[in-house]
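Single-structure report; data block below.
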Amino acid sequence: LAMLALSVLSALVGIIMRSLSFRQDFDITQSDYAIPFMLALIFAASALLHPASHALIAAPSPTARTPLLYRFATISLALISPVVLITVTDPFDFQDRVIRSISVTLLVIVVMARVIQSIRENAIAQNNLMRSALTDSLTGLPNRILMLEHISTALQHSWISNKRPTVLFIDVDRFKNINDSLGHSTGDNVLTHVASRLLLSAPDTATVARISGDEFVVLDPTTESPTQSVLLAEKILDSLRTPVPTSGGDMFVTASIGVAYAPKGMDLTADQLLRHADTAMYRAKDAGRNCIALFDDTMLDLVTKRLDVETSLYRALERQELRLVFQPIVDMTLGVVVGFEALMRWNKDSESVPPAEFIPIAEETGVIVPLGTWAINDALQQLSSWITTGVVTPATTMSVNVSAKQLHDPEFISHVRDALRNSSITPDQLLLEVTESVMITDASQALTAMKSLAGLGVRIAVDDFGTGYSSLSVLQHFPIHSIKIDRSFVQRVAQDSESSMLIRTIIAMATALGADVIAEGVETDEQMRLLLSMNCVKAQGYHFFRPIDAEFIPQGIAEIQNRDTWLDNVTK
């Protein structure tokens, strides 16, 4: 730009010098004013050959466009000025009048052409905006907004015929794994193939939409019964069984489908019908994926109840609605309490919520992380107070259940270390119980966390052993210190020889791993005697004591350790 400016300036100087050369009072020859013109050519050539010259012809960025008001004023001035000049001046003759008429006519034609072009451009832009707002950019299918309009229209028209609309909510199973492992381009390819198969398998009267990432909706307004709705879902599910071709090879994709049929006599909105199908889809996922679930009213009750539990669980700690109960672990040969298992209880609005109901929700939502940290701190503080007051011996242990979400938490190890330090409990007195599934679903993460905990001196126990799918080859890689036999085997040990044989096998495997064994769910004298005959020394269950509040523990321990009849039963 500087070179171009110098070129223009040199040319201007040359023009001025040439003009002055015609006057008698200036002595300027042709060779004098030729010099600025030569400099102008040199500067212009240098500017055009400069590497930055391509920026002058590059397309302007959208932000560099002339403001609309400035453009409007410039165009208006350019159009109005000729008209004003033609109007305020009189024509000289007939030829001048003709030229003026032709000029005005051409000006009107240009203006009309520009107006028509602007209208067409605005119409195209508006159509593009509407299409972008109502369709999915990847598949070209209608989005959630447009699908709700289609469902609403179908519900309105259904009142004048025997045909009722059906909504299928389709979710691609484990699609996040595809994106995370193979990349988003492969994921987009899978979604495109799924969309095309839905279009091919759905009837001509149906509408297919993609309402979010891996969620599709099919609306058929012509079904006459729930049976037809399920048959349509089965057809769509079958269409997805064929492998999807990808750059890395064929891939098998499954889906969970929720079906919602709008029966007569029920006043449903489009959003409600879609939500019913969504609820049924989650039931299909809970049933194991790659299946179909038909909505019924009980599903809505369960979802409402679950949402209420989930919402209240976030503030349960803050409201002090959670508490710990403790079940003693007994050495059956000595009649001494050697440990406790801390179990979480929740009283919501003066009603007890079963752990089997709120613990899975806490794990799914991630609330289990702060709840688990609180449980470890509270349990160790309680054990410390019992040791200080002489209720239990200084070697008594405390067992606390730990979920996979806690093991994945990068702060979990430091939380455990802080809890041990604050309670003055030695690490070997803390047993963290994990299930077999934790060691299978994410073995590498669980192994790293368990080794770090073992490095602190904390002991690891496998809870409910025998109900999962772990094997000795899996367990031998983990720092296991204790194995807890599931109550389902203990309760059948007196009647079922297979359960008895399985318990003996678990005890032998624990011995091979160098771990001790704790039997859960002992309820009778006979079960206790059989376990002792198998060299299972430690146990817990209703035969000794139910889980009780901390304030009743001193009395409970006194009852357990002074039961002469229990010791008599052991020796029988």
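Going by the structure tokens order, chains are called A, B, ..., each with residues numbered from 1, while ligands are numbered from 1 in the order shown.
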task = Using only C-alpha atoms, determine which residues lie at most 10 Å from Ala395 in chain A, disregarding the query and same-chain residues fewer than 3 positions distant; provide the list as a list in words.
result =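 The residues that qualify are Val338, Gly339, Ile387, Val392, Met398, Ile425, Thr426, Asp428 and Gln429 of chain A.
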query = Among range 19-155 of chain A, which residues carry a DSSP assignment of helix (DSSP H, G or I), reported as a PyMOL selection string?
reply = chain A and resi 19-21+30-49+51-57+62-64+68-88+94-134+144-155
request  = Go through A:Arg144, A:His184, A:Arg546, A:Arg306 one by one, measure the shortest atom-to-atom distance of each to Thr365 in chain A using only C-alpha atoms, and give the residue with the smallest value.
outcome  = A:Arg306
DSSP says strand (DSSP E) for which residues of range 276-523 of chain A? Put them as a compact mmCIF listing (two decimals) with all heavy atoms, in the first residue's frame?
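Writing the result to out.txt gives the following:
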# COMPACT_ATOMS: atom_id res chain seq x y z
N ILE A 292 -37.25 -53.63 22.56
CA ILE A 292 -38.39 -52.70 22.42
C ILE A 292 -39.17 -52.67 23.73
O ILE A 292 -39.34 -53.72 24.38
CB ILE A 292 -39.30 -53.15 21.26
CG1 ILE A 292 -38.51 -53.17 19.95
CG2 ILE A 292 -40.51 -52.24 21.13
CD1 ILE A 292 -39.24 -53.89 18.83
N ALA A 293 -39.65 -51.50 24.11
CA ALA A 293 -40.52 -51.37 25.29
C ALA A 293 -41.72 -50.52 24.92
O ALA A 293 -41.56 -49.46 24.30
CB ALA A 293 -39.75 -50.75 26.46
N LEU A 294 -42.90 -50.98 25.29
CA LEU A 294 -44.15 -50.26 25.03
C LEU A 294 -44.54 -49.49 26.28
O LEU A 294 -44.58 -50.05 27.38
CB LEU A 294 -45.25 -51.24 24.63
CG LEU A 294 -46.63 -50.63 24.31
CD1 LEU A 294 -46.54 -49.73 23.08
CD2 LEU A 294 -47.66 -51.74 24.09
N LEU A 322 -29.13 -38.20 55.82
CA LEU A 322 -28.40 -39.47 55.73
C LEU A 322 -27.76 -39.81 57.07
O LEU A 322 -27.32 -38.94 57.81
CB LEU A 322 -27.33 -39.38 54.65
CG LEU A 322 -27.84 -39.30 53.21
CD1 LEU A 322 -26.72 -38.87 52.28
CD2 LEU A 322 -28.42 -40.62 52.74
N ARG A 323 -27.69 -41.10 57.32
CA ARG A 323 -27.00 -41.57 58.52
C ARG A 323 -26.38 -42.93 58.22
O ARG A 323 -26.73 -43.58 57.22
CB ARG A 323 -27.97 -41.67 59.70
CG ARG A 323 -28.89 -42.88 59.66
CD ARG A 323 -29.87 -42.88 60.81
NE ARG A 323 -30.43 -44.17 61.07
CZ ARG A 323 -31.40 -44.75 60.37
NH1 ARG A 323 -31.94 -44.09 59.34
NH2 ARG A 323 -31.85 -45.95 60.68
N LEU A 324 -25.46 -43.33 59.07
CA LEU A 324 -24.83 -44.64 58.94
C LEU A 324 -25.34 -45.58 60.02
O LEU A 324 -25.52 -45.17 61.19
CB LEU A 324 -23.30 -44.52 59.04
CG LEU A 324 -22.58 -43.79 57.91
CD1 LEU A 324 -21.08 -43.76 58.18
CD2 LEU A 324 -22.85 -44.45 56.56
N VAL A 325 -25.58 -46.81 59.64
CA VAL A 325 -25.83 -47.89 60.61
C VAL A 325 -24.69 -48.89 60.48
O VAL A 325 -24.00 -48.95 59.46
CB VAL A 325 -27.20 -48.56 60.36
CG1 VAL A 325 -28.32 -47.58 60.59
CG2 VAL A 325 -27.28 -49.13 58.95
N PHE A 326 -24.49 -49.68 61.53
CA PHE A 326 -23.31 -50.54 61.59
C PHE A 326 -23.73 -51.96 61.91
O PHE A 326 -24.53 -52.20 62.83
CB PHE A 326 -22.33 -50.02 62.63
CG PHE A 326 -21.88 -48.60 62.39
CD1 PHE A 326 -22.61 -47.54 62.91
CD2 PHE A 326 -20.77 -48.33 61.63
CE1 PHE A 326 -22.21 -46.23 62.68
CE2 PHE A 326 -20.36 -47.03 61.39
CZ PHE A 326 -21.10 -45.97 61.91
N GLN A 327 -23.18 -52.92 61.17
CA GLN A 327 -23.42 -54.33 61.44
C GLN A 327 -22.11 -54.97 61.90
O GLN A 327 -21.10 -54.90 61.17
CB GLN A 327 -23.94 -55.05 60.19
CG GLN A 327 -24.35 -56.49 60.49
CD GLN A 327 -25.07 -57.14 59.32
OE1 GLN A 327 -24.71 -56.91 58.17
NE2 GLN A 327 -26.09 -57.94 59.62
N PRO A 328 -22.09 -55.58 63.06
CA PRO A 328 -20.85 -56.17 63.57
C PRO A 328 -20.38 -57.36 62.73
O PRO A 328 -21.19 -58.12 62.19
CB PRO A 328 -21.22 -56.62 64.99
CG PRO A 328 -22.44 -55.83 65.33
CD PRO A 328 -23.17 -55.63 64.04
N ILE A 329 -19.07 -57.51 62.64
CA ILE A 329 -18.42 -58.67 62.03
C ILE A 329 -17.79 -59.45 63.18
O ILE A 329 -16.99 -58.90 63.95
CB ILE A 329 -17.37 -58.26 60.99
CG1 ILE A 329 -18.03 -57.46 59.87
CG2 ILE A 329 -16.66 -59.49 60.43
CD1 ILE A 329 -17.04 -56.87 58.88
N VAL A 330 -18.14 -60.73 63.29
CA VAL A 330 -17.82 -61.52 64.48
C VAL A 330 -16.82 -62.61 64.14
O VAL A 330 -16.91 -63.26 63.09
CB VAL A 330 -19.10 -62.14 65.07
CG1 VAL A 330 -18.78 -62.96 66.31
CG2 VAL A 330 -20.10 -61.04 65.41
N ASP A 331 -15.86 -62.82 65.04
CA ASP A 331 -15.01 -64.00 64.99
C ASP A 331 -15.77 -65.11 65.70
O ASP A 331 -15.91 -65.09 66.94
CB ASP A 331 -13.67 -63.71 65.68
CG ASP A 331 -12.70 -64.88 65.55
OD1 ASP A 331 -13.15 -66.05 65.63
OD2 ASP A 331 -11.50 -64.65 65.39
N VAL A 336 -16.07 -62.72 69.53
CA VAL A 336 -15.61 -61.35 69.69
C VAL A 336 -15.92 -60.56 68.42
O VAL A 336 -15.75 -61.07 67.30
CB VAL A 336 -14.09 -61.32 69.98
CG1 VAL A 336 -13.59 -59.88 70.03
CG2 VAL A 336 -13.78 -62.05 71.27
N VAL A 337 -16.35 -59.33 68.60
CA VAL A 337 -16.57 -58.43 67.47
C VAL A 337 -15.21 -57.91 67.00
O VAL A 337 -14.49 -57.24 67.75
CB VAL A 337 -17.50 -57.27 67.86
CG1 VAL A 337 -17.59 -56.26 66.71
CG2 VAL A 337 -18.88 -57.78 68.21
N VAL A 338 -14.88 -58.23 65.75
CA VAL A 338 -13.57 -57.82 65.22
C VAL A 338 -13.69 -56.69 64.21
O VAL A 338 -12.66 -56.17 63.75
CB VAL A 338 -12.87 -59.03 64.56
CG1 VAL A 338 -12.53 -60.07 65.61
CG2 VAL A 338 -13.72 -59.62 63.44
N GLY A 339 -14.90 -56.35 63.84
CA GLY A 339 -15.06 -55.27 62.87
C GLY A 339 -16.51 -54.90 62.68
O GLY A 339 -17.43 -55.50 63.26
N PHE A 340 -16.71 -53.88 61.84
CA PHE A 340 -18.06 -53.42 61.50
C PHE A 340 -18.13 -53.13 60.00
O PHE A 340 -17.11 -52.81 59.38
CB PHE A 340 -18.42 -52.14 62.26
CG PHE A 340 -18.44 -52.27 63.74
CD1 PHE A 340 -17.30 -52.03 64.49
CD2 PHE A 340 -19.60 -52.66 64.40
CE1 PHE A 340 -17.31 -52.14 65.87
CE2 PHE A 340 -19.62 -52.77 65.78
CZ PHE A 340 -18.48 -52.51 66.52
N GLU A 341 -19.34 -53.26 59.48
CA GLU A 341 -19.60 -52.76 58.13
C GLU A 341 -20.53 -51.56 58.25
O GLU A 341 -21.62 -51.67 58.84
CB GLU A 341 -20.21 -53.82 57.23
CG GLU A 341 -20.48 -53.28 55.82
CD GLU A 341 -21.09 -54.31 54.87
OE1 GLU A 341 -21.31 -55.45 55.29
OE2 GLU A 341 -21.35 -53.93 53.71
N ALA A 342 -20.12 -50.44 57.69
CA ALA A 342 -20.94 -49.22 57.71
C ALA A 342 -21.89 -49.24 56.51
O ALA A 342 -21.46 -49.41 55.37
CB ALA A 342 -20.06 -47.99 57.68
N LEU A 343 -23.16 -49.06 56.77
CA LEU A 343 -24.19 -49.08 55.74
C LEU A 343 -24.97 -47.77 55.76
O LEU A 343 -25.29 -47.25 56.84
CB LEU A 343 -25.15 -50.26 55.94
CG LEU A 343 -24.48 -51.64 55.96
CD1 LEU A 343 -25.46 -52.70 56.44
CD2 LEU A 343 -23.97 -51.99 54.57
N MET A 344 -25.26 -47.24 54.59
CA MET A 344 -25.91 -45.93 54.49
C MET A 344 -27.42 -46.07 54.51
O MET A 344 -27.99 -46.96 53.87
CB MET A 344 -25.46 -45.24 53.19
CG MET A 344 -25.70 -43.74 53.15
SD MET A 344 -25.07 -43.00 51.61
CE MET A 344 -23.33 -43.40 51.74
N ARG A 345 -28.08 -45.17 55.25
CA ARG A 345 -29.54 -45.12 55.30
C ARG A 345 -30.00 -43.69 55.05
O ARG A 345 -29.29 -42.73 55.37
CB ARG A 345 -30.05 -45.60 56.67
CG ARG A 345 -29.74 -47.05 56.97
CD ARG A 345 -30.51 -47.99 56.07
NE ARG A 345 -30.30 -49.38 56.42
CZ ARG A 345 -29.40 -50.17 55.84
NH1 ARG A 345 -28.61 -49.68 54.88
NH2 ARG A 345 -29.27 -51.43 56.20
N TRP A 346 -31.19 -43.57 54.47
CA TRP A 346 -31.71 -42.25 54.11
C TRP A 346 -33.16 -42.13 54.56
O TRP A 346 -34.01 -42.91 54.13
CB TRP A 346 -31.60 -42.05 52.59
CG TRP A 346 -32.07 -40.70 52.11
CD1 TRP A 346 -32.19 -39.56 52.83
CD2 TRP A 346 -32.47 -40.35 50.78
NE1 TRP A 346 -32.63 -38.52 52.06
CE2 TRP A 346 -32.81 -38.98 50.78
CE3 TRP A 346 -32.56 -41.07 49.59
CZ2 TRP A 346 -33.25 -38.32 49.64
CZ3 TRP A 346 -33.00 -40.41 48.45
CH2 TRP A 346 -33.33 -39.05 48.48
N ASN A 347 -33.42 -41.14 55.40
CA ASN A 347 -34.78 -40.81 55.82
C ASN A 347 -35.21 -39.54 55.12
O ASN A 347 -34.72 -38.45 55.45
CB ASN A 347 -34.85 -40.63 57.34
CG ASN A 347 -34.69 -41.94 58.08
OD1 ASN A 347 -35.08 -42.99 57.58
ND2 ASN A 347 -34.10 -41.88 59.27
N LYS A 348 -36.08 -39.69 54.13
CA LYS A 348 -36.55 -38.56 53.33
C LYS A 348 -37.98 -38.24 53.72
O LYS A 348 -38.89 -39.06 53.56
CB LYS A 348 -36.46 -38.92 51.84
CG LYS A 348 -37.04 -37.88 50.89
CD LYS A 348 -36.87 -38.34 49.45
CE LYS A 348 -37.61 -37.43 48.49
NZ LYS A 348 -39.07 -37.52 48.64
N GLU A 351 -39.67 -40.61 55.91
CA GLU A 351 -39.86 -41.94 55.34
C GLU A 351 -38.51 -42.51 54.93
O GLU A 351 -37.66 -41.80 54.40
CB GLU A 351 -40.80 -41.89 54.12
CG GLU A 351 -42.23 -41.48 54.46
CD GLU A 351 -43.13 -41.53 53.23
OE1 GLU A 351 -42.62 -41.90 52.15
OE2 GLU A 351 -44.31 -41.18 53.36
N SER A 352 -38.34 -43.79 55.16
CA SER A 352 -37.07 -44.44 54.84
C SER A 352 -37.05 -44.84 53.36
O SER A 352 -38.00 -45.48 52.87
CB SER A 352 -36.89 -45.68 55.72
OG SER A 352 -35.69 -46.34 55.40
N VAL A 353 -35.99 -44.44 52.67
CA VAL A 353 -35.81 -44.82 51.26
C VAL A 353 -34.85 -46.01 51.22
O VAL A 353 -33.73 -45.93 51.74
CB VAL A 353 -35.23 -43.65 50.44
CG1 VAL A 353 -35.08 -44.05 48.97
CG2 VAL A 353 -36.10 -42.42 50.58
N THR A 397 -11.75 -53.31 62.97
CA THR A 397 -11.74 -52.74 61.62
C THR A 397 -13.09 -52.12 61.27
O THR A 397 -14.11 -52.38 61.92
CB THR A 397 -11.42 -53.83 60.58
OG1 THR A 397 -12.45 -54.83 60.61
CG2 THR A 397 -10.07 -54.46 60.86
N MET A 398 -13.08 -51.31 60.24
CA MET A 398 -14.31 -50.69 59.72
C MET A 398 -14.35 -50.89 58.21
O MET A 398 -13.40 -50.54 57.51
CB MET A 398 -14.34 -49.20 60.04
CG MET A 398 -15.57 -48.47 59.50
SD MET A 398 -17.13 -49.04 60.22
CE MET A 398 -16.98 -48.40 61.90
N SER A 399 -15.44 -51.49 57.71
CA SER A 399 -15.62 -51.73 56.28
C SER A 399 -16.61 -50.72 55.71
O SER A 399 -17.68 -50.48 56.30
CB SER A 399 -16.15 -53.15 56.04
OG SER A 399 -15.24 -54.12 56.52
N VAL A 400 -16.25 -50.13 54.56
CA VAL A 400 -17.10 -49.15 53.89
C VAL A 400 -17.17 -49.52 52.41
O VAL A 400 -16.13 -49.82 51.80
CB VAL A 400 -16.55 -47.71 54.04
CG1 VAL A 400 -17.50 -46.71 53.38
CG2 VAL A 400 -16.34 -47.37 55.51
N ASN A 401 -18.36 -49.51 51.85
CA ASN A 401 -18.54 -49.83 50.44
C ASN A 401 -18.06 -48.67 49.56
O ASN A 401 -18.28 -47.50 49.88
CB ASN A 401 -20.01 -50.13 50.14
CG ASN A 401 -20.46 -51.41 50.79
OD1 ASN A 401 -20.22 -52.50 50.29
ND2 ASN A 401 -21.12 -51.30 51.93
N LEU A 430 -9.00 -49.96 58.00
CA LEU A 430 -10.04 -49.57 57.03
C LEU A 430 -10.10 -50.59 55.91
O LEU A 430 -9.10 -50.85 55.24
CB LEU A 430 -9.74 -48.19 56.46
CG LEU A 430 -10.66 -47.70 55.33
CD1 LEU A 430 -12.11 -47.60 55.80
CD2 LEU A 430 -10.19 -46.35 54.79
N LEU A 431 -11.28 -51.18 55.71
CA LEU A 431 -11.52 -52.09 54.60
C LEU A 431 -12.47 -51.40 53.62
O LEU A 431 -13.59 -51.01 54.01
CB LEU A 431 -12.15 -53.41 55.07
CG LEU A 431 -11.20 -54.57 55.32
CD1 LEU A 431 -10.45 -54.35 56.63
CD2 LEU A 431 -11.95 -55.89 55.36
N LEU A 432 -12.05 -51.23 52.40
CA LEU A 432 -12.91 -50.67 51.35
C LEU A 432 -13.44 -51.81 50.50
O LEU A 432 -12.67 -52.56 49.90
CB LEU A 432 -12.12 -49.67 50.50
CG LEU A 432 -11.60 -48.44 51.24
CD1 LEU A 432 -10.85 -47.52 50.29
CD2 LEU A 432 -12.75 -47.68 51.91
N GLU A 433 -14.76 -51.95 50.47
CA GLU A 433 -15.40 -53.07 49.79
C GLU A 433 -15.79 -52.67 48.37
O GLU A 433 -16.47 -51.65 48.18
CB GLU A 433 -16.62 -53.55 50.56
CG GLU A 433 -16.31 -54.04 51.97
CD GLU A 433 -17.53 -54.62 52.66
OE1 GLU A 433 -18.58 -54.78 51.99
OE2 GLU A 433 -17.44 -54.92 53.87
N VAL A 434 -15.38 -53.45 47.40
CA VAL A 434 -15.74 -53.25 46.00
C VAL A 434 -16.41 -54.51 45.48
O VAL A 434 -16.18 -55.61 45.99
CB VAL A 434 -14.51 -52.91 45.13
CG1 VAL A 434 -13.85 -51.63 45.60
CG2 VAL A 434 -13.49 -54.04 45.16
N THR A 435 -17.25 -54.35 44.47
CA THR A 435 -17.90 -55.51 43.86
C THR A 435 -17.04 -56.07 42.73
O THR A 435 -16.12 -55.41 42.24
CB THR A 435 -19.28 -55.12 43.30
OG1 THR A 435 -19.12 -54.09 42.32
CG2 THR A 435 -20.19 -54.61 44.41
N ARG A 459 -6.86 -51.80 53.33
CA ARG A 459 -7.17 -53.16 52.88
C ARG A 459 -8.36 -53.13 51.93
O ARG A 459 -9.29 -52.33 52.10
CB ARG A 459 -7.43 -54.07 54.07
CG ARG A 459 -6.24 -54.16 55.03
CD ARG A 459 -6.62 -54.83 56.32
NE ARG A 459 -6.99 -56.23 56.09
CZ ARG A 459 -7.61 -56.99 56.99
NH1 ARG A 459 -7.96 -56.48 58.16
NH2 ARG A 459 -7.90 -58.25 56.70
N ILE A 460 -8.34 -54.04 50.94
CA ILE A 460 -9.39 -54.12 49.92
C ILE A 460 -10.15 -55.43 50.11
O ILE A 460 -9.55 -56.49 50.25
CB ILE A 460 -8.81 -54.05 48.50
CG1 ILE A 460 -7.92 -52.80 48.35
CG2 ILE A 460 -9.92 -54.05 47.46
CD1 ILE A 460 -8.65 -51.50 48.49
N ALA A 461 -11.48 -55.34 50.09
CA ALA A 461 -12.34 -56.52 50.20
C ALA A 461 -13.24 -56.60 48.98
O ALA A 461 -13.71 -55.58 48.47
CB ALA A 461 -13.18 -56.46 51.47
N VAL A 462 -13.49 -57.84 48.51
CA VAL A 462 -14.42 -58.06 47.39
C VAL A 462 -15.77 -58.41 47.99
O VAL A 462 -15.93 -59.45 48.66
CB VAL A 462 -13.93 -59.18 46.47
CG1 VAL A 462 -14.89 -59.35 45.30
CG2 VAL A 462 -12.53 -58.88 45.96
N ASP A 463 -16.77 -57.57 47.75
CA ASP A 463 -18.10 -57.74 48.34
C ASP A 463 -18.98 -58.61 47.44
O ASP A 463 -18.83 -58.63 46.22
CB ASP A 463 -18.74 -56.36 48.54
CG ASP A 463 -19.97 -56.43 49.42
OD1 ASP A 463 -20.11 -57.42 50.16
OD2 ASP A 463 -20.79 -55.50 49.37
N ASP A 464 -19.91 -59.34 48.08
CA ASP A 464 -20.88 -60.19 47.35
C ASP A 464 -20.18 -61.12 46.38
O ASP A 464 -20.63 -61.29 45.23
CB ASP A 464 -21.90 -59.32 46.60
CG ASP A 464 -22.68 -58.42 47.55
OD1 ASP A 464 -22.85 -58.81 48.72
OD2 ASP A 464 -23.10 -57.33 47.13
N PHE A 465 -19.10 -61.73 46.81
CA PHE A 465 -18.33 -62.56 45.89
C PHE A 465 -19.15 -63.80 45.49
O PHE A 465 -19.82 -64.42 46.29
CB PHE A 465 -17.03 -63.02 46.55
CG PHE A 465 -16.10 -63.74 45.60
CD1 PHE A 465 -15.29 -63.02 44.74
CD2 PHE A 465 -16.08 -65.11 45.56
CE1 PHE A 465 -14.46 -63.67 43.85
CE2 PHE A 465 -15.24 -65.78 44.67
CZ PHE A 465 -14.43 -65.05 43.81
N SER A 482 -9.41 -59.41 51.47
CA SER A 482 -10.54 -60.11 52.07
C SER A 482 -11.59 -60.39 51.00
O SER A 482 -11.75 -59.60 50.06
CB SER A 482 -11.14 -59.27 53.20
OG SER A 482 -12.21 -59.95 53.81
N ILE A 483 -12.28 -61.54 51.16
CA ILE A 483 -13.36 -61.91 50.24
C ILE A 483 -14.61 -62.19 51.08
O ILE A 483 -14.57 -62.96 52.04
CB ILE A 483 -12.99 -63.15 49.42
CG1 ILE A 483 -11.87 -62.81 48.42
CG2 ILE A 483 -14.21 -63.69 48.67
CD1 ILE A 483 -11.42 -63.98 47.58
N LYS A 484 -15.71 -61.54 50.70
CA LYS A 484 -16.97 -61.71 51.42
C LYS A 484 -17.91 -62.59 50.60
O LYS A 484 -18.27 -62.25 49.47
CB LYS A 484 -17.61 -60.35 51.70
CG LYS A 484 -16.68 -59.39 52.46
CD LYS A 484 -17.40 -58.12 52.87
CE LYS A 484 -18.31 -58.38 54.05
NZ LYS A 484 -18.88 -57.12 54.60
N ILE A 485 -18.28 -63.72 51.18
CA ILE A 485 -19.16 -64.67 50.49
C ILE A 485 -20.58 -64.12 50.49
O ILE A 485 -21.11 -63.73 51.54
CB ILE A 485 -19.11 -66.04 51.19
CG1 ILE A 485 -17.66 -66.55 51.24
CG2 ILE A 485 -19.99 -67.05 50.46
CD1 ILE A 485 -17.50 -67.83 52.04
N ASP A 516 -8.39 -63.30 53.77
CA ASP A 516 -9.30 -63.94 54.70
C ASP A 516 -10.71 -63.91 54.14
O ASP A 516 -10.99 -63.24 53.13
CB ASP A 516 -9.23 -63.29 56.08
CG ASP A 516 -9.63 -61.82 56.03
OD1 ASP A 516 -9.82 -61.31 54.92
OD2 ASP A 516 -9.75 -61.20 57.10
N VAL A 517 -11.63 -64.65 54.79
CA VAL A 517 -12.98 -64.83 54.28
C VAL A 517 -13.98 -64.36 55.33
O VAL A 517 -13.82 -64.64 56.52
CB VAL A 517 -13.25 -66.30 53.91
CG1 VAL A 517 -14.67 -66.47 53.37
CG2 VAL A 517 -12.24 -66.79 52.90
N ILE A 518 -15.02 -63.65 54.87
CA ILE A 518 -16.12 -63.22 55.72
C ILE A 518 -17.42 -63.69 55.08
O ILE A 518 -17.66 -63.41 53.90
CB ILE A 518 -16.14 -61.70 55.90
CG1 ILE A 518 -14.82 -61.21 56.49
CG2 ILE A 518 -17.31 -61.28 56.79
CD1 ILE A 518 -14.71 -59.69 56.55
N ALA A 519 -18.23 -64.40 55.84
CA ALA A 519 -19.52 -64.88 55.33
C ALA A 519 -20.60 -63.85 55.67
O ALA A 519 -20.70 -63.40 56.81
CB ALA A 519 -19.86 -66.23 55.93
N GLU A 520 -21.40 -63.50 54.68
CA GLU A 520 -22.48 -62.54 54.87
C GLU A 520 -23.81 -63.28 55.01
O GLU A 520 -24.02 -64.34 54.43
CB GLU A 520 -22.57 -61.58 53.68
CG GLU A 520 -21.37 -60.69 53.50
CD GLU A 520 -21.54 -59.75 52.32
OE1 GLU A 520 -21.69 -60.22 51.19
OE2 GLU A 520 -21.53 -58.53 52.55
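Restricting the calculation to only C-alpha atoms, the smallest distance between Ala44 in chain A and any of A:Leu9, A:Leu530, A:Leu232, A:Leu146 is found for A:Leu9.
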task = Would you please work out which residue, of A:Val190, A:Ala233, A:Leu268, A:Val84, is nearest to Gly213 in chain A when using only C-alpha atoms?
result =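 Checking each candidate against Gly213 in chain A, we get A:Val190 as the closest.
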request  = Would you mind listing what lies within 9 Å of Gly521 in chain A as a list in words, with only C-alpha atoms counted and same-chain residues fewer than 3 positions away left out?
outcome  =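 Close residues of Gly521 in chain A: Ile485, Asp486, Arg487, Ser488, Phe489, Val490, Gln491, Ala539, Gln540, Gly541, Tyr542 and His543 of chain A.
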Could you list, as a tab-separated table (two decimals) with all heavy atoms, in the first residue's frame, every residue within 10 Å of Thr153 in chain A, counting only C-alpha atoms and ignoring same-chain residues fewer than 6 positions away?
chain	number	residue	atom	x	y	z
A	147	MET	N	-40.58	-31.97	14.37
A	147	MET	CA	-41.25	-33.23	14.69
A	147	MET	C	-42.41	-33.02	15.65
A	147	MET	O	-43.47	-33.64	15.53
A	147	MET	CB	-40.23	-34.22	15.28
A	147	MET	CG	-40.85	-35.53	15.75
A	147	MET	SD	-41.90	-36.34	14.50
A	147	MET	CE	-40.69	-37.16	13.50
A	165	PRO	N	-51.92	-41.93	16.13
A	165	PRO	CA	-50.48	-41.78	15.91
A	165	PRO	C	-49.66	-42.62	16.88
A	165	PRO	O	-50.03	-42.80	18.05
A	165	PRO	CB	-50.24	-40.29	16.13
A	165	PRO	CG	-51.36	-39.84	16.99
A	165	PRO	CD	-52.53	-40.70	16.66
A	221	PRO	N	-48.72	-41.80	11.77
A	221	PRO	CA	-50.06	-41.37	12.19
A	221	PRO	C	-51.17	-42.32	11.78
A	221	PRO	O	-52.34	-42.01	11.99
A	221	PRO	CB	-50.20	-40.02	11.47
A	221	PRO	CG	-49.37	-40.16	10.24
A	221	PRO	CD	-48.24	-41.08	10.58
A	270	ALA	N	-48.37	-33.08	22.01
A	270	ALA	CA	-47.25	-33.67	21.27
A	270	ALA	C	-46.06	-33.90	22.18
A	270	ALA	O	-45.38	-34.93	22.09
A	270	ALA	CB	-46.86	-32.73	20.12
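When only C-alpha atoms are used to compute distances to Arg275 in chain A, the closest of the residues A:Val303, A:Met251, A:Pro354, A:Ser21 turns out to be A:Val303.
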message = For Asp204 in chain A, find every residue with an atom within 10 Å (counting only C-alpha atoms), except residues of its own chain fewer than 4 positions away, and show them as a ChimeraX atom specification.
response = /A:199-200,220
inquiry  = Quick check, in Å to one decimal: how far apart do CA of Ala47 in chain A and CA of Leu1 in chain A lie?
reply    = 7.2 Å
